[in-house]
file input-v2.txt (compact mmCIF, C-alpha atoms)
# COMPACT_ATOMS: atom_id res chain seq x y z
CA MET G 12 0.00 0.00 0.00
CA LYS G 13 1.24 3.46 -0.76
CA LEU G 14 0.07 6.88 0.36
CA ARG G 15 0.05 9.93 -1.89
CA THR G 16 -1.17 13.49 -1.32
CA GLU G 17 -1.80 15.90 -4.19
CA ILE G 18 -2.19 19.61 -3.44
CA LEU G 19 -4.68 21.21 -5.84
CA PRO G 20 -5.42 24.70 -4.47
CA ASP G 21 -8.31 25.48 -6.85
CA GLU G 22 -10.28 22.23 -6.42
CA GLU G 23 -12.64 20.91 -3.78
CA GLU G 24 -10.96 18.62 -1.25
CA GLU G 25 -11.58 14.95 -1.93
CA ILE G 26 -10.18 11.77 -0.48
CA ILE G 27 -10.08 8.72 -2.73
CA ILE G 28 -9.14 5.26 -1.55
CA ARG G 29 -8.12 2.83 -4.30
CA ALA G 30 -8.14 -0.81 -3.30
CA LYS G 31 -8.50 -4.26 -4.85
CA LYS G 32 -11.31 -5.07 -2.41
CA ARG G 33 -13.08 -3.59 0.59
CA ASP G 34 -11.60 -5.61 3.44
CA ASP G 35 -11.38 -4.90 7.18
CA LYS G 36 -8.31 -2.69 6.73
CA ILE G 37 -10.04 -0.50 4.13
CA ARG G 38 -13.20 -0.29 6.26
CA GLN G 39 -11.08 0.79 9.23
CA ILE G 40 -9.43 3.51 7.13
CA GLU G 41 -12.86 4.71 5.98
CA LEU G 42 -14.19 4.78 9.52
CA SER G 43 -11.10 6.63 10.77
CA LEU G 44 -11.47 9.23 8.04
CA GLU G 45 -15.18 9.64 8.78
CA ASN G 46 -14.32 10.25 12.44
CA ILE G 47 -11.47 12.67 11.69
CA LEU G 48 -13.55 14.65 9.19
CA GLY G 49 -16.65 14.61 11.35
CA LEU G 50 -18.64 12.78 8.70
CA GLU G 51 -21.57 11.08 10.25
CA GLY G 52 -22.32 8.84 7.32
CA ASP G 53 -26.09 8.94 6.81
CA MET G 54 -28.11 6.26 5.06
CA ILE G 55 -31.24 6.86 3.04
CA LEU G 56 -33.99 4.69 4.51
CA GLU G 57 -37.74 4.64 3.95
CA ILE G 58 -41.00 4.48 5.85
CA ASP G 59 -44.20 4.58 3.76
CA ASN G 60 -42.58 6.12 0.66
CA THR G 61 -40.90 8.85 2.70
CA GLU G 62 -37.09 9.01 2.67
CA TYR G 63 -35.26 9.59 5.93
CA TYR G 64 -31.58 10.37 6.35
CA VAL G 65 -30.48 8.27 9.28
CA PRO G 66 -26.95 8.41 10.75
CA LYS G 67 -25.30 4.98 10.49
CA LYS G 68 -24.23 5.16 14.12
CA ASP G 69 -27.91 5.33 15.18
CA ILE G 70 -28.82 2.06 13.47
CA LEU G 71 -28.97 -0.90 15.85
CA PHE G 72 -29.30 -3.64 13.26
CA PHE G 73 -30.50 -4.67 9.83
CA GLU G 74 -32.58 -7.78 9.34
CA THR G 75 -34.29 -9.50 6.48
CA SER G 76 -37.77 -10.90 6.78
CA ASN G 77 -40.26 -11.88 4.08
CA GLY G 78 -37.84 -10.68 1.39
CA LYS G 79 -37.53 -7.14 2.79
CA VAL G 80 -34.57 -5.63 4.60
CA SER G 81 -35.40 -3.44 7.57
CA ALA G 82 -33.15 -1.12 9.54
CA HIS G 83 -33.91 -0.67 13.24
CA THR G 84 -33.06 2.31 15.40
CA ASP G 85 -34.05 2.81 19.05
CA SER G 86 -37.50 4.03 18.10
CA ASN G 87 -38.19 3.25 14.42
CA MET G 88 -38.07 0.56 11.78
CA TYR G 89 -37.12 1.71 8.29
CA TYR G 90 -36.74 -0.19 5.03
CA THR G 91 -33.98 -0.27 2.44
CA ASP G 92 -33.76 -1.69 -1.07
CA HIS G 93 -30.23 -2.96 -0.39
CA LYS G 94 -29.63 -6.66 0.21
CA LEU G 95 -27.69 -7.72 3.32
CA TYR G 96 -24.61 -8.67 1.29
CA GLU G 97 -24.62 -5.17 -0.25
CA LEU G 98 -24.91 -3.58 3.18
CA GLU G 99 -21.98 -5.67 4.44
CA ALA G 100 -19.80 -4.17 1.72
CA MET G 101 -20.87 -0.57 2.31
CA LEU G 102 -21.16 -0.31 6.09
CA PRO G 103 -18.31 0.68 8.45
CA ASN G 104 -16.48 -2.08 10.33
CA TYR G 105 -18.55 -1.55 13.47
CA PHE G 106 -21.36 -3.40 11.65
CA MET G 107 -21.10 -7.17 11.49
CA ARG G 108 -23.19 -10.02 10.15
CA VAL G 109 -24.26 -12.25 13.03
CA SER G 110 -26.67 -14.60 11.28
CA LYS G 111 -27.97 -15.40 7.84
CA SER G 112 -30.59 -12.69 8.24
CA CYS G 113 -29.00 -10.03 10.48
CA ILE G 114 -26.22 -7.42 10.56
CA LEU G 115 -25.79 -5.47 13.80
CA ASN G 116 -23.98 -2.41 15.12
CA VAL G 117 -21.30 -3.78 17.46
CA LEU G 118 -20.86 -0.43 19.21
CA ARG G 119 -24.50 -0.37 20.35
CA ILE G 120 -24.48 -3.82 22.00
CA ASN G 121 -25.35 -3.74 25.68
CA SER G 122 -25.33 -7.47 26.48
CA ILE G 123 -25.03 -10.96 25.03
CA SER G 124 -26.85 -13.83 26.72
CA ARG G 125 -24.91 -16.85 25.60
CA ASN G 126 -26.75 -20.04 24.74
CA LEU G 127 -24.45 -23.00 24.12
CA ALA G 128 -27.17 -25.05 22.46
CA GLY G 129 -28.41 -22.38 20.04
CA ALA G 130 -28.38 -18.71 19.16
CA SER G 131 -27.27 -16.13 21.73
CA ARG G 132 -29.48 -13.13 22.48
CA VAL G 133 -28.07 -9.60 21.99
CA THR G 134 -29.63 -6.50 23.53
CA PHE G 135 -28.80 -2.87 22.80
CA TYR G 136 -28.24 0.29 24.83
CA ASP G 137 -31.39 2.40 25.29
CA SER G 138 -33.63 -0.06 23.45
CA ASP G 139 -35.96 -2.97 24.13
CA LYS G 140 -35.06 -4.52 20.78
CA ALA G 141 -33.02 -7.72 20.60
CA VAL G 142 -31.52 -10.02 17.94
CA TYR G 143 -30.02 -13.48 17.96
CA VAL G 144 -26.46 -14.38 17.03
CA SER G 145 -25.88 -17.74 15.36
CA ARG G 146 -23.40 -20.02 17.15
CA SER G 147 -20.89 -19.81 14.30
CA TYR G 148 -20.78 -15.98 14.59
CA TYR G 149 -20.51 -15.81 18.39
CA LYS G 150 -16.71 -16.00 18.67
CA PRO G 151 -16.02 -13.58 15.77
CA LEU G 152 -18.52 -11.16 17.32
CA LYS G 153 -16.76 -11.29 20.69
CA GLU G 154 -13.43 -10.62 18.93
CA ARG G 155 -14.88 -7.67 17.00
CA ILE G 156 -16.32 -6.19 20.21
CA TYR G 157 -12.95 -6.49 21.92
CA ASN G 158 -11.06 -5.02 18.94
CA LEU G 159 -13.39 -2.05 18.57
CA ARG G 160 -14.05 -1.22 22.19
CA PHE G 161 -11.09 -2.36 24.26
CA SER G 162 -8.04 -2.70 22.01
CA THR G 163 -5.57 0.18 22.01
CA ASP G 164 -3.92 -0.89 18.75

call {"tool": "encode", "arguments": {"input": "input-v2.txt", "output": "structure tokens"}}
result
Amino acid sequence: MKLRTEILPDEEEEIIIRAKKRDDKIRQIELSLENILGLEGDMILEIDNTEYYVPKKDILFFETSNGKVSAHTDSNMYYTDHKLYELEAMLPNYFMRVSKSCILNVLRINSISRNLAGASRVTFYDSDKAVYVSRSYYKPLKERIYNLRFSTD
């Protein structure tokens, strides 16, 4: 990877990241830049044919049900035309797929009730909403939580 800065005094500032694929490293760079620049990163979501601009950080989770993808915040449920695999590629690294039908915001997790026999229940700060994490995603989720919240590297 190389880093290059071009000074163009008469043009609008723009940051372009060129990569072969959007992996965890690229997502971390994007998130860091969003934080440094104060970019909230809104998503366009819908309720009854009305578009809402919702900050990504306010979204608790995305889930698919009956062929529709919904985005949940503390108080609302919105819809998006994106598929979960598309959302995985476009969301910051603090979102993570935790089952076949759910992507959640790791930074908003309040608790995980582990169930060795099946899916573990996740609750969120300031919300009564909950989702379930498939057994195969439990350990990667715990690692992501640690890396995002407690790691100093």

call {"tool": "atom_distance", "arguments": {"input": "input-v2.txt", "atom1": "atom CA of G:Arg155", "atom2": "atom CA of G:Gly78"}}
result
27.9 Å

call {"tool": "residues_around", "arguments": {"input": "input-v2.txt", "residues": "G:Ile37", "least_positions_apart": "4", "cutoff": "12 Å", "atoms": "only C-alpha atoms", "output": "list of chain:residue names"}}
result
G:Met12, G:Ile27, G:Ile28, G:Arg29, G:Ala30, G:Lys31, G:Lys32, G:Arg33, G:Glu41, G:Leu42, G:Ser43, G:Leu44, G:Ala100, G:Met101, G:Leu102, G:Pro103, G:Asn104

call {"tool": "residues_around", "arguments": {"input": "input-v2.txt", "residues": "G:Asp137", "least_positions_apart": "5", "cutoff": "10 Å", "atoms": "only C-alpha atoms", "output": "ChimeraX atom specification"}}
result
/G:85-86,119-121

call {"tool": "closest_residue", "arguments": {"input": "input-v2.txt", "among": "G:Phe106, G:Lys13, G:Ser112, G:Leu159", "to": "G:Asn77", "atoms": "all atoms listed in the file"}}
result
G:Ser112

call {"tool": "residues_around", "arguments": {"input": "input-v2.txt", "residues": "G:Arg108", "least_positions_apart": "3", "cutoff": "9 Å", "atoms": "only C-alpha atoms", "output": "count of residues only"}}
result
10

call {"tool": "closest_residue", "arguments": {"input": "input-v2.txt", "among": "G:Tyr64, G:Tyr136, G:Phe73, G:Tyr149", "to": "G:Tyr96", "atoms": "all atoms listed in the file"}}
result
G:Phe73

call {"tool": "atom_distance", "arguments": {"input": "input-v2.txt", "atom1": "atom CA of G:Asn116", "atom2": "atom CA of G:Thr75"}}
result
15.2 Å

call {"tool": "atom_distance", "arguments": {"input": "input-v2.txt", "atom1": "atom CA of G:Lys68", "atom2": "atom CA of G:Val80"}}
result
17.7 Å

call {"tool": "closest_residue", "arguments": {"input": "input-v2.txt", "among": "G:Leu98, G:Val117, G:Met107, G:Leu14", "to": "G:Asp69", "atoms": "only C-alpha atoms"}}
result
G:Val117

call {"tool": "closest_residue", "arguments": {"input": "input-v2.txt", "among": "G:Leu48, G:Ile58, G:Val142, G:Leu118", "to": "G:Glu74", "atoms": "only C-alpha atoms"}}
result
G:Val142

call {"tool": "closest_residue", "arguments": {"input": "input-v2.txt", "among": "G:Asp53, G:Asp59, G:Glu23, G:Gly129", "to": "G:Ser147", "atoms": "all atoms listed in the file"}}
result
G:Gly129

call {"tool": "closest_residue", "arguments": {"input": "input-v2.txt", "among": "G:Ile26, G:Thr134, G:Ser124, G:Asp21", "to": "G:Ile40", "atoms": "all atoms listed in the file"}}
result
G:Ile26

call {"tool": "residues_near_point", "arguments": {"input": "input-v2.txt", "point": "(-40.1, 2.7, 15.5)", "cutoff": "12 Å", "atoms": "all atoms listed in the file", "output": "list of chain:residue names"}}
result
G:Glu57, G:Ile58, G:Ile70, G:Leu71, G:Ser81, G:Ala82, G:His83, G:Thr84, G:Asp85, G:Ser86, G:Asn87, G:Met88, G:Tyr89, G:Tyr90, G:Ser138, G:Asp139, G:Lys140

call {"tool": "axis_aligned_box", "arguments": {"input": "input-v2.txt", "around": "stretch 14-24 of chain G", "padding_each_side": "5 Å", "output": "AutoDock Vina command-line options"}}
result
--center_x -6.3 --center_y 16.2 --center_z -3.2 --size_x 22.7 --size_y 28.6 --size_z 17.2
